[in-house]
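K.L.:
Have a look at this one.
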Amino acid sequence: DPSPPFALPRIINAKCSDGIEREFHLMGLIIETPGHVFSIVQTDPLKDTWHLLNDSKVEEIAPARLEDYRKDVYVLCYIRADKKKEYTD
């Protein structure tokens with residue numbers, strides 16, 4: 001039996017190579033289903049807006065729907081919180 005899906009951590013704390021603990025925010029997911037790969041990205045972190053990018057189809061999805069994809073997550077992408085402003089500019 002496969003292990004149960006994990007809860008998607010929207011924010012994680014980790015000690016960096018400089019020894020300082022920093023906060024990281026989820027900003028993207030790469031999803032792999034049998035024979036297909038697509039992504040979900042946070043397009044506006046200030047409004048918590050997410051878009052599903054599936055081939056030529058792009059659709060906005062509610063943040064609560066991220067959990068629907070957790071069993072198929074292949075890669076989680078995070079951004080360091082103190083770099084988030086650079087990402088939104």
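By order of appearance in the structure tokens: chains A, B, ..., then residues from 1 within every chain, and ligands from 1 in the order shown.
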Neighbouring residues of Leu8 (chain A) were defined as those with any atom within 9 Å, considering only C-alpha atoms; residues of the same chain fewer than 3 positions away were excluded. Please report them as a list of chain:residue names.

P.N.:
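What passes the distance filter is A:Pro5, A:Ile11, A:Leu26, A:Leu66, A:Glu67, A:Arg70, A:Leu76.
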
K.L.:
So what do you get for CA of Val58 (chain A) versus CA of Thr33 (chain A), distance-wise?

P.N.:
17.5 Å

K.L.:
Excluding Arg10 (chain A) and any residue of its chain fewer than 3 positions from it, enumerate the residues within 9 Å of it, using only C-alpha atoms, and give them as an mmCIF file with N, CA, C and O atoms, in the first residue's frame.

P.N.:
```cif
data_model
loop_
_atom_site.group_PDB
_atom_site.id
_atom_site.type_symbol
_atom_site.label_atom_id
_atom_site.label_comp_id
_atom_site.auth_asym_id
_atom_site.auth_seq_id
_atom_site.Cartn_x
_atom_site.Cartn_y
_atom_site.Cartn_z
ATOM 1 N N PHE A 24 10.112 29.999 4.561
ATOM 2 C CA PHE A 24 9.924 29.789 3.134
ATOM 3 C C PHE A 24 8.441 29.603 2.853
ATOM 4 O O PHE A 24 7.744 28.926 3.610
ATOM 5 N N HIS A 25 7.959 30.193 1.755
ATOM 6 C CA HIS A 25 6.545 30.141 1.389
ATOM 7 C C HIS A 25 6.372 29.333 0.104
ATOM 8 O O HIS A 25 7.116 29.535 -0.862
ATOM 9 N N LEU A 26 5.376 28.466 0.097
ATOM 10 C CA LEU A 26 5.066 27.674 -1.088
ATOM 11 C C LEU A 26 4.664 28.605 -2.230
ATOM 12 O O LEU A 26 3.841 29.498 -2.051
ATOM 13 N N MET A 27 5.265 28.410 -3.400
ATOM 14 C CA MET A 27 4.925 29.256 -4.548
ATOM 15 C C MET A 27 4.630 28.461 -5.812
ATOM 16 O O MET A 27 4.211 29.017 -6.812
ATOM 17 N N TYR A 78 9.480 26.551 -3.260
ATOM 18 C CA TYR A 78 9.340 27.542 -2.196
ATOM 19 C C TYR A 78 10.189 28.765 -2.500
ATOM 20 O O TYR A 78 11.197 28.667 -3.205
#
```

K.L.:
Quick one: everything within 10 Å of Glu60 (chain A), counting only C-alpha atoms, minus sequence neighbours fewer than 5 positions away in the same chain. Send it as a PyMOL selection string.

P.N.:
chain A and resi 40-43+49-53

K.L.:
Identify which of the residues A:Ile31, A:Arg22, A:Asp44, A:Ala62 lies closest to Lys83 (chain A), counting only C-alpha atoms when measuring atom-to-atom distances.

P.N.:
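Of all the options, A:Arg22 lies closest to Lys83 (chain A).
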
K.L.:
Skipping near chain neighbours, those fewer than 4 positions away, what residues fall within 12 Å of Glu21 (chain A) using only C-alpha atoms, listed as an mmCIF file with all heavy atoms, in the first residue's frame?

P.N.:
```cif
data_model
loop_
_atom_site.group_PDB
_atom_site.id
_atom_site.type_symbol
_atom_site.label_atom_id
_atom_site.label_comp_id
_atom_site.auth_asym_id
_atom_site.auth_seq_id
_atom_site.Cartn_x
_atom_site.Cartn_y
_atom_site.Cartn_z
ATOM 1 N N ILE A 12 7.259 26.821 5.573
ATOM 2 C CA ILE A 12 8.190 25.988 6.321
ATOM 3 C C ILE A 12 9.304 26.863 6.866
ATOM 4 O O ILE A 12 9.603 27.932 6.322
ATOM 5 C CB ILE A 12 8.772 24.838 5.474
ATOM 6 C CG1 ILE A 12 9.509 25.375 4.248
ATOM 7 C CG2 ILE A 12 7.691 23.848 5.080
ATOM 8 C CD1 ILE A 12 10.244 24.302 3.461
ATOM 9 N N ASN A 13 9.898 26.427 7.944
ATOM 10 C CA ASN A 13 11.059 27.089 8.518
ATOM 11 C C ASN A 13 12.243 26.144 8.400
ATOM 12 O O ASN A 13 12.110 24.952 8.691
ATOM 13 C CB ASN A 13 10.826 27.451 9.986
ATOM 14 C CG ASN A 13 9.797 28.538 10.118
ATOM 15 O OD1 ASN A 13 10.024 29.661 9.695
ATOM 16 N ND2 ASN A 13 8.643 28.224 10.676
ATOM 17 N N ALA A 14 13.370 26.672 7.962
ATOM 18 C CA ALA A 14 14.554 25.834 7.786
ATOM 19 C C ALA A 14 15.805 26.652 8.078
ATOM 20 O O ALA A 14 15.853 27.858 7.804
ATOM 21 C CB ALA A 14 14.600 25.287 6.372
ATOM 22 N N LYS A 15 16.787 25.983 8.637
ATOM 23 C CA LYS A 15 18.068 26.629 8.888
ATOM 24 C C LYS A 15 18.863 26.617 7.592
ATOM 25 O O LYS A 15 19.036 25.573 6.954
ATOM 26 C CB LYS A 15 18.832 25.902 9.983
ATOM 27 C CG LYS A 15 20.087 26.652 10.427
ATOM 28 C CD LYS A 15 20.757 25.970 11.585
ATOM 29 C CE LYS A 15 19.979 26.305 12.840
ATOM 30 N NZ LYS A 15 20.698 25.919 14.055
ATOM 31 N N CYS A 16 19.330 27.775 7.186
ATOM 32 C CA CYS A 16 20.090 27.916 5.948
ATOM 33 C C CYS A 16 21.570 27.646 6.195
ATOM 34 O O CYS A 16 22.007 27.490 7.331
ATOM 35 C CB CYS A 16 19.887 29.321 5.371
ATOM 36 S SG CYS A 16 18.181 29.610 4.873
ATOM 37 N N SER A 17 22.337 27.609 5.126
ATOM 38 C CA SER A 17 23.764 27.302 5.235
ATOM 39 C C SER A 17 24.526 28.332 6.074
ATOM 40 O O SER A 17 25.587 28.024 6.597
ATOM 41 C CB SER A 17 24.392 27.190 3.847
ATOM 42 O OG SER A 17 24.243 28.403 3.135
ATOM 43 N N ARG A 80 12.081 32.041 -0.394
ATOM 44 C CA ARG A 80 12.443 32.546 0.926
ATOM 45 C C ARG A 80 11.643 33.803 1.213
ATOM 46 O O ARG A 80 11.532 34.690 0.360
ATOM 47 C CB ARG A 80 13.948 32.831 0.962
ATOM 48 C CG ARG A 80 14.552 32.717 2.328
ATOM 49 C CD ARG A 80 16.048 32.747 2.268
ATOM 50 N NE ARG A 80 16.489 34.129 2.156
ATOM 51 C CZ ARG A 80 17.736 34.483 1.893
ATOM 52 N NH1 ARG A 80 18.665 33.565 1.691
ATOM 53 N NH2 ARG A 80 18.059 35.739 1.811
ATOM 54 N N ALA A 81 11.052 33.884 2.384
ATOM 55 C CA ALA A 81 10.133 34.976 2.716
ATOM 56 C C ALA A 81 10.763 36.354 2.529
ATOM 57 O O ALA A 81 10.104 37.271 2.046
ATOM 58 C CB ALA A 81 9.624 34.818 4.148
ATOM 59 N N ASP A 82 12.034 36.508 2.871
ATOM 60 C CA ASP A 82 12.658 37.824 2.736
ATOM 61 C C ASP A 82 12.988 38.156 1.277
ATOM 62 O O ASP A 82 13.371 39.278 0.971
ATOM 63 C CB ASP A 82 13.889 37.959 3.630
ATOM 64 C CG ASP A 82 14.989 36.970 3.302
ATOM 65 O OD1 ASP A 82 14.665 35.828 2.901
ATOM 66 O OD2 ASP A 82 16.169 37.318 3.454
#
```

K.L.:
What is the distance, in Å and to one decimal place, between CA of Gly19 (chain A) and CA of Val75 (chain A)?

P.N.:
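These atoms are spaced 24.9 Å apart.
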
K.L.:
Quick one: pick out all strand (DSSP E or B) residues within region 31-60 of chain A from a backbone DSSP run and write them as a short mmCIF file (atom, residue, chain, number, x, y, z; two decimals) with C-alpha atoms, in the first residue's frame.

P.N.:
```
data_model
loop_
_atom_site.label_atom_id
_atom_site.label_comp_id
_atom_site.auth_asym_id
_atom_site.auth_seq_id
_atom_site.Cartn_x
_atom_site.Cartn_y
_atom_site.Cartn_z
CA ILE A 31 2.15 17.59 -10.49
CA GLU A 32 2.74 14.22 -12.12
CA THR A 33 -0.13 11.93 -13.02
CA HIS A 36 1.12 13.77 -17.78
CA VAL A 37 2.88 16.60 -15.95
CA PHE A 38 1.44 20.04 -15.17
CA SER A 39 2.02 22.84 -12.69
CA ILE A 40 0.28 25.14 -10.26
CA VAL A 41 1.89 28.49 -9.48
CA GLN A 42 1.13 31.35 -7.15
CA THR A 43 0.73 34.33 -9.46
CA ASP A 44 -0.05 36.94 -6.81
CA THR A 49 -3.92 33.87 -6.25
CA TRP A 50 -3.02 30.52 -7.83
CA HIS A 51 -3.18 29.32 -11.45
CA LEU A 52 -3.18 25.80 -12.83
CA LEU A 53 -1.08 25.52 -16.02
CA ASN A 54 -2.06 22.42 -17.96
CA LYS A 57 -5.13 25.67 -20.55
CA VAL A 58 -4.60 28.21 -17.75
CA GLU A 59 -7.19 28.59 -15.02
CA GLU A 60 -7.32 30.31 -11.67
#
```

K.L.:
I need the residues in chain A that are helix (DSSP H, G or I) according to DSSP; give them as a list in words.

P.N.:
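So, restricting chain A to helix (DSSP H, G or I), we get Pro63, Ala64, Arg65, Leu66, Glu67, Asp68, Tyr69, Arg70, Lys71, Asp72, Ala81, Asp82, Lys83, Lys84, Lys85, Glu86, Tyr87 and Thr88 of chain A.
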
K.L.:
Could you please determine the separation between CA of Val73 (chain A) and CA of Asp48 (chain A) in Å, to one decimal place?

P.N.:
19.4 Å

K.L.:
Restricting the calculation to only C-alpha atoms, which member of A:Lys47, A:Asp18, A:Gly28, A:Glu23 is positioned closest to Tyr69 (chain A)?

P.N.:
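Nearest to Tyr69 (chain A): A:Gly28.
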